[in-house]
Structures are given as structure tokens and as C-alpha cells.
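Asker: The structure that follows is given in the form of C-alpha cells.
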Amino acid sequence: MKIVVLDGYTLNPGDITWKGLEALGELTVYDRTGESEILERIGDAEIVFTNKTPLKREAFSALPQIKYVGVLATGYNVVDIAAAKEYGVKVTNIPTYGTASVAQYTFALLLELCHHVWEHSEAVRRGEWNRCPDFCFWNYPLVELAGKTMGIIGFGRIGRSVAQIAQAMGMRVLAYDSYQDKSLESETLRYGELDELLRKSDVISLHCPLFESTKGIINKDSIAKMKDGVMLINTSRGPLIIEEDLARALNSGKVAGAAVDVVSTEPITTDNPLLQAKNCIITPHIAWAPKESRERLMNIAVENLASFLKGEPVNVVNP
Ligand code: NAD
């Protein structure tokens, strides 16, 4: 049985193993696949893995031997799951693998906004400390988080993990979610409405999925309700933010700093307004990518296929 991975490079650039999938069939792994190469590369394979390479209706109609598509990510909007179902193709995803990594990365970004660690290290290398008349200097306002309020929009797996770290740092947490588990509330954590969260938070971190209801949730109106000097973190999905509005708020100082791991179009385009905005950290969608997290993802992808082959499919997104 032939297995084709269309775009394996970001999951495994060479530091983890494909052995688990090799044990289940005749495996061919492509680093990346252009849209015009998809049909030819799948060929007569019955099992296809994709991360971000789109599989549209045409692929399923042209290649009716496909039986299974494994998405190597949580989000599966790259696959036309309704068309897959019509052609009898089971599509699976990886529901969770990187909660700890993404929560940790949220704080890597926040702590960088608070301390500008790398830029101070660079300033020392440039000789600024050596020339300094005092025993220390800092080039940016430094911020202590203890006692401040962290507003978390989307209080699921990652949001809750972020809350634990925030509380360990002495922060109070205000959570907003369309589903509320009141048993999680404590002296330092409570749910609130979105408006209250916007008004009261010193730091706002986005952890809700991208839906029509959450698209552009950070826009000029919601920013206007925020505290002056708020800090904003987005490790969820780029289109949650209207980037022009955030860029304007950063440049005016309304938002003191923002750090985003995701942007509206990825890879980022040169005209993205955040590239020119003040006090904005942008990283290339890496919150998920520590090796530990990718290994977990790989193991779940293997288990998903093994379960399908045994006739007991799990993590199916088009049942
Ligand atoms: P999850 O499903 O456990 O949590 C999402 C939460 O958002 C849920 O509690 C849900 O009720 C809530 N929600 C849904 N609609 C909402 C709305 N309209 N308003 C407020 N809350 C709403 O998901 P998770 O594992 O915590 O992941 C969160 C997001 O993180 C994912 O959707 C994904 O976009 C992103 N993510 C990013 C990376 C990265 O590398 N940057 C990696 C993994 C996940």
C-alpha cells in the first residue's frame, strides 16, 4: 500500500523519524508540493498526508483510489472534507499535540515585550554598556507582570495552560470564552464578557480558533476599548486581527507592544502593515514547532493511520 506525504518538511526537516509511517506501507515523502504537482505525486497511492497542501474536490474525483487523508495539523481547512466524504475518503487531523509548546511560546513573546532581552544583549555587544557612565542602563521601559491582569480570549486547552503560567507569575486572569467552565474560577481567575476583558486587561492574549465569529475580533473598535499601553499577543491565527488597525494603534502608542506568531497571509507579504509598526515582534509561525511537539504530532499521525487500517478510525473530521 502506497503512502504519500505531500509536504513533510516543516514537520520533519530531518531531526525526527518517518519510521512509524514506513512500517505501515510504501512511503514517499516530498518536502513540499506545488498545486500543479499534486495529482501526479499522489499517483496511485491510497493514503495521502498533507499539512498545508490543498486537497480539493478535483483531487478526489481524479484519483478515486484515495482512501485516507491524514492532515498533519489540527486545522484541516486545506482539505475539502465534504468532497472527501462523497468519495468515501476518511480525513483525520491531530486534535492536540502542542499545548505546552504554544503556552510556553506565548510567554517567550510576552517576556520579550516586557524586557527586550535580545535587544539589550545586542546593545551590550555594540558597546553601550562599556561606554555607560552608570552600572546599568535600559533602552526600553521594563515591565513587571506580577499583579497585572491577563485577558485570555479563547479559554480552551492552550488558553488554560497560558492561565496557569500567568498565575504562577502572580498575574490575575480574566477569561473570555463562548463556553464557560465555572469550576475553573478561583481567587485569581474568573470569566468575564469580552468588553470587560478589553477594558481591564494589561495584557491580552488570543487563543480562540478562527471562525466567522472571531475573524477581526481585534479591530479599531475593540482596540479603542482597551487600556492605554496594553500589550497584545497572538499565537492563534492571523485573521483574528485587523492588522491595519493594530499597526495604527502601535504607532500611536495606544498599544504599547504586540507580538504575533501568525499573520493574515502566511508566509508574510512585504506589504503587511505590522512590518512597519512600532514595538511589534513578528515570528514565523513557530509556536507549535519544538521537536518534542513535532514528535508527538508524528506519533499521533502514525496512530491515526494504524487505527484506520485496523478498521477502527480515530480523529476523523468527516464522519
Ligand atoms: P481549543 O479548541 O482547546 O480551545 C479553543 C477555545 O476557543 C474553546 O474553549 C472554544 O470554546 C473557544 N471559542 C470558540 N469560539 C469562540 C468565540 N467566538 N469567542 C471566544 N472563545 C471561543 O483549542 P487550542 O488547542 O487551545 O488551540 C487554540 C488555537 O491555537 C487554535 O485554534 C489554533 O488556531 C492555535 N494554534 C496555534 C499554533 C501555532 O503554532 N501558533 C499551534 C497550535 C494551535
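Labels used: A, B, ... for chains in the order of the C-alpha cells, numbers from 1 for residues in each chain, and numbers from 1 for ligands as shown.
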Please return as a PyMOL selection string: the residues of stretch 42-263 of chain A that backbone DSSP assigns to alpha helix (DSSP H).
Answerer: chain A and resi 42+57-62+81-86+99-115+117-125+157-168+194-200+220-225+243-252
Asker: Tell me which protein, DNA and RNA residues are within 12 Å of stretch 267-272 of chain A, counting only C-alpha atoms, leaving out same-chain ones fewer than 6 positions away, and put them as a list in words.
Answerer: Lys52, Gly238, Ile242, Glu243, Glu244, Asp245, Leu246, Ala247, Val260, Asp261, Ile282, Thr283, Pro284, His285 and Ile286 of chain A
Asker: Keeping N, CA and C atoms for every residue in the selection just given, could you write it to a file as a short mmCIF file (atom, residue, chain, number, x, y, z; two decimals), in the first residue's frame?
Answerer:
data_model
loop_
_atom_site.label_atom_id
_atom_site.label_comp_id
_atom_site.auth_asym_id
_atom_site.auth_seq_id
_atom_site.Cartn_x
_atom_site.Cartn_y
_atom_site.Cartn_z
N LYS A 52 -0.20 21.59 4.64
CA LYS A 52 -0.85 22.80 4.12
C LYS A 52 -1.13 22.71 2.62
N GLY A 238 -3.75 34.56 12.33
CA GLY A 238 -3.55 35.94 11.91
C GLY A 238 -4.83 36.73 11.69
N ILE A 242 -7.33 42.73 12.68
CA ILE A 242 -7.26 43.62 11.51
C ILE A 242 -5.91 44.33 11.62
N GLU A 243 -4.99 43.91 10.80
CA GLU A 243 -3.60 44.32 11.01
C GLU A 243 -3.39 45.82 10.82
N GLU A 244 -4.14 46.46 9.89
CA GLU A 244 -4.00 47.91 9.70
C GLU A 244 -4.37 48.63 10.99
N ASP A 245 -5.43 48.15 11.65
CA ASP A 245 -5.90 48.80 12.88
C ASP A 245 -4.87 48.63 14.00
N LEU A 246 -4.29 47.44 14.10
CA LEU A 246 -3.28 47.22 15.14
C LEU A 246 -2.03 48.07 14.86
N ALA A 247 -1.62 48.13 13.59
CA ALA A 247 -0.43 48.91 13.24
C ALA A 247 -0.63 50.37 13.65
N VAL A 260 3.28 38.82 17.52
CA VAL A 260 2.43 37.90 16.77
C VAL A 260 3.28 36.79 16.14
N ASP A 261 2.78 35.56 16.27
CA ASP A 261 3.45 34.41 15.65
C ASP A 261 2.73 34.01 14.37
N ILE A 282 7.40 39.99 15.35
CA ILE A 282 6.72 39.05 14.44
C ILE A 282 7.61 37.83 14.29
N THR A 283 7.05 36.64 14.56
CA THR A 283 7.83 35.41 14.34
C THR A 283 7.08 34.52 13.35
N PRO A 284 7.83 33.62 12.67
CA PRO A 284 7.26 32.89 11.53
C PRO A 284 6.50 31.61 11.89
N HIS A 285 5.41 31.74 12.65
CA HIS A 285 4.51 30.62 12.97
C HIS A 285 5.28 29.42 13.55
N ILE A 286 5.98 29.67 14.65
CA ILE A 286 6.83 28.62 15.22
C ILE A 286 6.40 28.14 16.61
#
Asker: What residues have any atom no more than 6 Å from ligand 1 when counting only C-alpha atoms and all ligand atoms, and can you list them as a PyMOL selection string?
Answerer: chain A and resi 96+98+102+153-159+176-179+207-209+213-214+235-237+261+285-288
Asker: Keeping only N, CA, C and O atoms, write those residues as an mmCIF file, in the first residue's frame.
Answerer:
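As written to disk, out-v1.cif reads:
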data_model
loop_
_atom_site.group_PDB
_atom_site.id
_atom_site.type_symbol
_atom_site.label_atom_id
_atom_site.label_comp_id
_atom_site.auth_asym_id
_atom_site.auth_seq_id
_atom_site.Cartn_x
_atom_site.Cartn_y
_atom_site.Cartn_z
ATOM 1 N N THR A 96 -4.714 17.546 19.182
ATOM 2 C CA THR A 96 -3.875 18.317 20.110
ATOM 3 C C THR A 96 -2.502 17.676 20.210
ATOM 4 O O THR A 96 -2.380 16.451 20.244
ATOM 5 N N GLY A 98 0.442 20.296 20.803
ATOM 6 C CA GLY A 98 1.421 21.319 21.124
ATOM 7 C C GLY A 98 0.976 22.302 22.181
ATOM 8 O O GLY A 98 1.482 23.420 22.236
ATOM 9 N N VAL A 102 2.890 25.864 22.781
ATOM 10 C CA VAL A 102 2.286 27.150 22.411
ATOM 11 C C VAL A 102 2.132 28.045 23.643
ATOM 12 O O VAL A 102 2.390 29.251 23.588
ATOM 13 N N ILE A 153 -8.504 35.423 25.472
ATOM 14 C CA ILE A 153 -9.675 35.267 24.600
ATOM 15 C C ILE A 153 -9.604 33.877 23.983
ATOM 16 O O ILE A 153 -8.697 33.586 23.201
ATOM 17 N N GLY A 154 -10.539 33.000 24.359
ATOM 18 C CA GLY A 154 -10.499 31.599 23.935
ATOM 19 C C GLY A 154 -9.871 30.793 25.056
ATOM 20 O O GLY A 154 -8.650 30.720 25.167
ATOM 21 N N PHE A 155 -10.715 30.216 25.927
ATOM 22 C CA PHE A 155 -10.183 29.553 27.119
ATOM 23 C C PHE A 155 -10.295 28.042 26.977
ATOM 24 O O PHE A 155 -10.996 27.363 27.719
ATOM 25 N N GLY A 156 -9.612 27.517 25.941
ATOM 26 C CA GLY A 156 -9.571 26.065 25.727
ATOM 27 C C GLY A 156 -8.264 25.526 26.266
ATOM 28 O O GLY A 156 -7.740 26.007 27.267
ATOM 29 N N ARG A 157 -7.738 24.513 25.577
ATOM 30 C CA ARG A 157 -6.526 23.841 26.086
ATOM 31 C C ARG A 157 -5.361 24.820 26.253
ATOM 32 O O ARG A 157 -4.738 24.887 27.304
ATOM 33 N N ILE A 158 -5.067 25.591 25.179
ATOM 34 C CA ILE A 158 -3.899 26.471 25.250
ATOM 35 C C ILE A 158 -4.179 27.642 26.182
ATOM 36 O O ILE A 158 -3.343 27.988 27.030
ATOM 37 N N GLY A 159 -5.365 28.227 26.060
ATOM 38 C CA GLY A 159 -5.705 29.358 26.924
ATOM 39 C C GLY A 159 -5.564 29.002 28.403
ATOM 40 O O GLY A 159 -5.031 29.766 29.198
ATOM 41 N N TYR A 176 -12.275 34.924 28.521
ATOM 42 C CA TYR A 176 -13.498 35.063 27.731
ATOM 43 C C TYR A 176 -13.614 33.859 26.807
ATOM 44 O O TYR A 176 -12.673 33.533 26.071
ATOM 45 N N ASP A 177 -14.753 33.188 26.875
ATOM 46 C CA ASP A 177 -14.977 32.023 26.007
ATOM 47 C C ASP A 177 -16.476 31.877 25.805
ATOM 48 O O ASP A 177 -17.257 32.214 26.704
ATOM 49 N N SER A 178 -16.863 31.339 24.658
ATOM 50 C CA SER A 178 -18.299 31.144 24.433
ATOM 51 C C SER A 178 -18.808 29.979 25.291
ATOM 52 O O SER A 178 -19.997 29.849 25.539
ATOM 53 N N TYR A 179 -17.887 29.120 25.767
ATOM 54 C CA TYR A 179 -18.264 28.049 26.691
ATOM 55 C C TYR A 179 -17.519 28.292 28.007
ATOM 56 O O TYR A 179 -16.313 28.511 27.997
ATOM 57 N N HIS A 207 -6.400 33.077 21.986
ATOM 58 C CA HIS A 207 -6.298 31.616 21.904
ATOM 59 C C HIS A 207 -7.593 30.985 21.413
ATOM 60 O O HIS A 207 -7.847 29.807 21.677
ATOM 61 N N CYS A 208 -8.411 31.762 20.691
ATOM 62 C CA CYS A 208 -9.636 31.180 20.134
ATOM 63 C C CYS A 208 -9.353 30.759 18.690
ATOM 64 O O CYS A 208 -8.460 31.292 18.048
ATOM 65 N N PRO A 209 -10.120 29.812 18.175
ATOM 66 C CA PRO A 209 -9.933 29.415 16.779
ATOM 67 C C PRO A 209 -10.406 30.520 15.835
ATOM 68 O O PRO A 209 -11.124 31.439 16.254
ATOM 69 N N SER A 213 -17.117 34.157 13.481
ATOM 70 C CA SER A 213 -17.437 34.967 14.661
ATOM 71 C C SER A 213 -16.203 35.577 15.324
ATOM 72 O O SER A 213 -16.327 36.492 16.136
ATOM 73 N N THR A 214 -15.026 35.054 15.046
ATOM 74 C CA THR A 214 -13.822 35.573 15.718
ATOM 75 C C THR A 214 -12.917 36.347 14.753
ATOM 76 O O THR A 214 -11.981 37.009 15.191
ATOM 77 N N THR A 235 -0.863 34.091 19.196
ATOM 78 C CA THR A 235 -0.245 32.846 18.723
ATOM 79 C C THR A 235 -1.316 31.950 18.105
ATOM 80 O O THR A 235 -1.089 30.763 17.915
ATOM 81 N N SER A 236 -2.502 32.535 17.804
ATOM 82 C CA SER A 236 -3.597 31.670 17.353
ATOM 83 C C SER A 236 -3.716 31.669 15.825
ATOM 84 O O SER A 236 -3.195 30.756 15.169
ATOM 85 N N ARG A 237 -4.371 32.680 15.272
ATOM 86 C CA ARG A 237 -4.478 32.767 13.809
ATOM 87 C C ARG A 237 -4.449 34.245 13.414
ATOM 88 O O ARG A 237 -5.109 35.084 14.044
ATOM 89 N N ASP A 261 2.781 35.558 16.271
ATOM 90 C CA ASP A 261 3.446 34.408 15.651
ATOM 91 C C ASP A 261 2.726 34.011 14.372
ATOM 92 O O ASP A 261 3.149 33.096 13.674
ATOM 93 N N HIS A 285 5.409 31.737 12.649
ATOM 94 C CA HIS A 285 4.507 30.616 12.972
ATOM 95 C C HIS A 285 5.278 29.416 13.548
ATOM 96 O O HIS A 285 5.221 28.308 13.002
ATOM 97 N N ILE A 286 5.977 29.668 14.653
ATOM 98 C CA ILE A 286 6.831 28.618 15.221
ATOM 99 C C ILE A 286 6.399 28.144 16.605
ATOM 100 O O ILE A 286 7.060 27.296 17.194
ATOM 101 N N ALA A 287 5.293 28.670 17.109
ATOM 102 C CA ALA A 287 4.898 28.280 18.479
ATOM 103 C C ALA A 287 4.735 26.759 18.599
ATOM 104 O O ALA A 287 5.018 26.181 19.645
ATOM 105 N N TRP A 288 4.278 26.104 17.541
ATOM 106 C CA TRP A 288 3.985 24.670 17.571
ATOM 107 C C TRP A 288 5.219 23.792 17.408
ATOM 108 O O TRP A 288 5.137 22.580 17.598
#
Asker: Measuring between only C-alpha atoms, which one of A:Asn234, A:Ser161, A:Thr28, A:Thr50 shows the shortest distance to A:Leu206?
Answerer: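 With only C-alpha atoms as the atom set, the closest residue is A:Asn234.
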Asker: I need the residues of stretch 146-297 of chain A that end up classed as strand (DSSP E or B) by DSSP on the backbone, written out as a ChimeraX atom specification.
Answerer: /A:149-153,172-176,186,189-191,203-206,218,230-234,241,255-260,280-282
Asker: Using N, CA, C and O atoms, can you write the selected residues to a file as a compact mmCIF listing (two decimals), in the first residue's frame?
Answerer:
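Output (part.txt):
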# COMPACT_ATOMS: atom_id res chain seq x y z
N THR A 149 -3.19 42.15 35.00
CA THR A 149 -4.30 41.29 34.55
C THR A 149 -4.04 40.82 33.13
O THR A 149 -3.76 41.62 32.24
N MET A 150 -4.15 39.51 32.96
CA MET A 150 -4.01 38.93 31.63
C MET A 150 -5.39 38.53 31.14
O MET A 150 -6.08 37.72 31.76
N GLY A 151 -5.80 39.09 30.02
CA GLY A 151 -7.07 38.74 29.40
C GLY A 151 -6.82 37.67 28.35
O GLY A 151 -5.98 37.84 27.47
N ILE A 152 -7.53 36.54 28.49
CA ILE A 152 -7.32 35.43 27.57
C ILE A 152 -8.59 35.21 26.77
O ILE A 152 -9.65 34.89 27.33
N ILE A 153 -8.50 35.42 25.47
CA ILE A 153 -9.67 35.27 24.60
C ILE A 153 -9.60 33.88 23.98
O ILE A 153 -8.70 33.59 23.20
N ARG A 172 -3.33 38.13 37.54
CA ARG A 172 -4.75 37.76 37.61
C ARG A 172 -5.20 37.44 36.18
O ARG A 172 -4.70 38.03 35.22
N VAL A 173 -6.15 36.51 36.06
CA VAL A 173 -6.60 36.11 34.73
C VAL A 173 -8.08 36.41 34.55
O VAL A 173 -8.91 36.10 35.41
N LEU A 174 -8.38 37.03 33.43
CA LEU A 174 -9.76 37.28 33.02
C LEU A 174 -9.96 36.51 31.71
O LEU A 174 -9.24 36.76 30.74
N ALA A 175 -10.88 35.54 31.74
CA ALA A 175 -11.03 34.66 30.57
C ALA A 175 -12.34 34.96 29.85
O ALA A 175 -13.36 35.18 30.49
N TYR A 176 -12.27 34.92 28.52
CA TYR A 176 -13.50 35.06 27.73
C TYR A 176 -13.61 33.86 26.81
O TYR A 176 -12.67 33.53 26.07
N SER A 186 -11.24 30.93 40.34
CA SER A 186 -10.56 30.94 41.64
C SER A 186 -10.36 32.40 42.03
O SER A 186 -10.81 33.31 41.32
N LEU A 189 -8.60 33.89 39.07
CA LEU A 189 -9.08 33.60 37.70
C LEU A 189 -10.59 33.67 37.64
O LEU A 189 -11.27 33.04 38.45
N ARG A 190 -11.11 34.47 36.72
CA ARG A 190 -12.55 34.42 36.52
C ARG A 190 -12.89 34.72 35.07
O ARG A 190 -12.08 35.30 34.33
N TYR A 191 -14.09 34.27 34.69
CA TYR A 191 -14.59 34.58 33.35
C TYR A 191 -15.19 35.97 33.34
O TYR A 191 -15.64 36.48 34.37
N VAL A 203 -2.57 42.84 29.59
CA VAL A 203 -2.05 42.01 28.50
C VAL A 203 -3.23 41.25 27.94
O VAL A 203 -4.04 40.71 28.71
N ILE A 204 -3.35 41.19 26.61
CA ILE A 204 -4.43 40.40 26.00
C ILE A 204 -3.78 39.35 25.10
O ILE A 204 -2.91 39.66 24.28
N SER A 205 -4.19 38.08 25.29
CA SER A 205 -3.60 37.00 24.50
C SER A 205 -4.73 36.23 23.80
O SER A 205 -5.73 35.88 24.42
N LEU A 206 -4.54 35.98 22.51
CA LEU A 206 -5.60 35.36 21.71
C LEU A 206 -5.37 33.85 21.60
O LEU A 206 -4.31 33.41 21.15
N ILE A 218 -10.02 41.60 16.93
CA ILE A 218 -9.21 42.75 17.33
C ILE A 218 -9.22 43.73 16.16
O ILE A 218 -8.64 43.48 15.10
N VAL A 230 -1.72 48.86 26.59
CA VAL A 230 -1.94 47.41 26.66
C VAL A 230 -0.89 46.68 25.80
O VAL A 230 -0.31 47.26 24.87
N MET A 231 -0.62 45.42 26.15
CA MET A 231 0.23 44.57 25.30
C MET A 231 -0.64 43.46 24.72
O MET A 231 -1.53 42.94 25.41
N LEU A 232 -0.38 43.11 23.46
CA LEU A 232 -1.23 42.14 22.76
C LEU A 232 -0.36 41.01 22.19
O LEU A 232 0.68 41.26 21.58
N ILE A 233 -0.83 39.77 22.42
CA ILE A 233 -0.10 38.60 21.91
C ILE A 233 -1.05 37.79 21.02
O ILE A 233 -2.19 37.52 21.42
N ASN A 234 -0.58 37.35 19.86
CA ASN A 234 -1.39 36.45 19.03
C ASN A 234 -0.56 35.26 18.58
O ASN A 234 0.33 35.38 17.75
N ILE A 241 -6.94 39.39 13.82
CA ILE A 241 -6.59 40.81 13.99
C ILE A 241 -6.72 41.53 12.65
O ILE A 241 -6.26 41.03 11.62
N VAL A 255 -1.48 50.91 21.84
CA VAL A 255 -0.99 49.58 22.19
C VAL A 255 0.53 49.70 22.35
O VAL A 255 1.23 50.12 21.43
N ALA A 256 1.02 49.38 23.57
CA ALA A 256 2.45 49.61 23.84
C ALA A 256 3.34 48.63 23.10
O ALA A 256 4.46 48.96 22.72
N GLY A 257 2.84 47.42 22.91
CA GLY A 257 3.66 46.42 22.22
C GLY A 257 2.78 45.27 21.79
O GLY A 257 1.78 44.96 22.46
N ALA A 258 3.14 44.66 20.67
CA ALA A 258 2.41 43.48 20.23
C ALA A 258 3.43 42.44 19.79
O ALA A 258 4.54 42.78 19.37
N ALA A 259 3.04 41.17 19.94
CA ALA A 259 3.90 40.09 19.47
C ALA A 259 3.00 39.07 18.79
O ALA A 259 2.04 38.59 19.39
N VAL A 260 3.28 38.82 17.52
CA VAL A 260 2.43 37.90 16.77
C VAL A 260 3.28 36.79 16.14
O VAL A 260 4.34 37.04 15.60
N CYS A 280 6.65 45.99 17.54
CA CYS A 280 5.91 44.80 17.13
C CYS A 280 6.89 43.67 16.83
O CYS A 280 7.75 43.80 15.97
N ILE A 281 6.75 42.58 17.58
CA ILE A 281 7.57 41.39 17.33
C ILE A 281 6.76 40.47 16.40
O ILE A 281 5.58 40.23 16.66
N ILE A 282 7.40 39.99 15.35
CA ILE A 282 6.72 39.05 14.44
C ILE A 282 7.61 37.83 14.29
O ILE A 282 8.79 37.97 13.95
Asker: If we count only C-alpha atoms, what is near A:Trp118 at a cut-off of 12 Å, once residues fewer than 3 positions away on the same chain are taken out, given as a list in words?
Answerer: Ala108, Leu109, Leu111, Glu112, Leu113, Cys114, His115, Ser121, Glu122, Ala123, Val124, Arg125, Asn139, Tyr140 and Ile281 of chain A
Asker: Counting only C-alpha atoms, which of A:Met1, A:Ala103, A:Val117, A:Leu142 gets nearest to A:Ala163?
Answerer: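 When distances to A:Ala163 are compared using only C-alpha atoms, the smallest one comes from A:Ala103.
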Asker: Which residues, written as JSON, numbers by chain, have at least one atom at most 10 Å from stretch 224-228 of chain A, with only C-alpha atoms counted and residues fewer than 4 positions away on the same chain left out?
Answerer: {"A": [195, 196, 197, 198, 199, 200, 201, 202, 203, 204, 218, 219, 220, 249, 253, 254, 255, 256]}
Asker: For the residues selected in the previous step, produce a file with C-alpha atoms as a JSON list (two decimals), in the first residue's frame.
Answerer:
[["chain", "number", "residue", "atom", "x", "y", "z"],
["A", 195, "ASP", "CA", -15.96, 44.17, 26.78],
["A", 196, "GLU", "CA", -14.83, 43.81, 30.38],
["A", 197, "LEU", "CA", -11.75, 41.87, 29.31],
["A", 198, "LEU", "CA", -10.85, 44.57, 26.78],
["A", 199, "ARG", "CA", -11.29, 47.35, 29.37],
["A", 200, "LYS", "CA", -9.46, 45.72, 32.27],
["A", 201, "SER", "CA", -6.56, 43.73, 30.83],
["A", 202, "ASP", "CA", -2.94, 44.87, 30.86],
["A", 203, "VAL", "CA", -2.05, 42.01, 28.50],
["A", 204, "ILE", "CA", -4.43, 40.40, 26.00],
["A", 218, "ILE", "CA", -9.21, 42.75, 17.33],
["A", 219, "ASN", "CA", -10.12, 45.83, 15.31],
["A", 220, "LYS", "CA", -10.21, 49.61, 15.78],
["A", 249, "ALA", "CA", -2.61, 51.64, 17.45],
["A", 253, "GLY", "CA", 1.23, 54.20, 21.40],
["A", 254, "LYS", "CA", -2.32, 53.14, 22.33],
["A", 255, "VAL", "CA", -0.99, 49.58, 22.19],
["A", 256, "ALA", "CA", 2.45, 49.61, 23.84]]
Asker: Neighbouring residues of A:Asp15 were defined as those with any atom within 10 Å, considering only C-alpha atoms; residues of the same chain fewer than 2 positions away were excluded. Please report them as a VMD selection string.
Answerer: chain A and resid 11 to 13 17 291 294 to 295
Asker: What's around A:Ala23 at 12 Å? Count only C-alpha atoms, leave out sequence neighbours fewer than 2 positions away in its own chain, and write the answer as a list of chain:residue names.
Answerer: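 These residues fall inside the cut-off: A:Met1, A:Lys2, A:Ile3, A:Thr17, A:Trp18, A:Lys19, A:Gly20, A:Leu21, A:Gly25, A:Glu26, A:Leu27, A:Val302, A:Glu303, A:Leu305, A:Ala306.
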Asker: I'd like to know which of A:Met171, A:Ala301, A:Leu250, A:Ile47 is closest to A:Lys90, using only C-alpha atoms.
Answerer: A:Ile47
Asker: Which residue, A:Ile300, A:Ser183, A:Gly75, A:Gln167, has the smallest gap to A:Val314 when you use only C-alpha atoms?
Answerer: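 Looking only at the distances to A:Val314, the closest residue turns out to be A:Ile300.
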Asker: Using only C-alpha atoms, pick whichever of A:Tyr30, A:Arg160, A:Leu55, A:Val5 has the shortest atom-to-atom distance to A:Thr99.
Answerer: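 Once distances to A:Thr99 are computed over only C-alpha atoms, the minimum belongs to A:Arg160.
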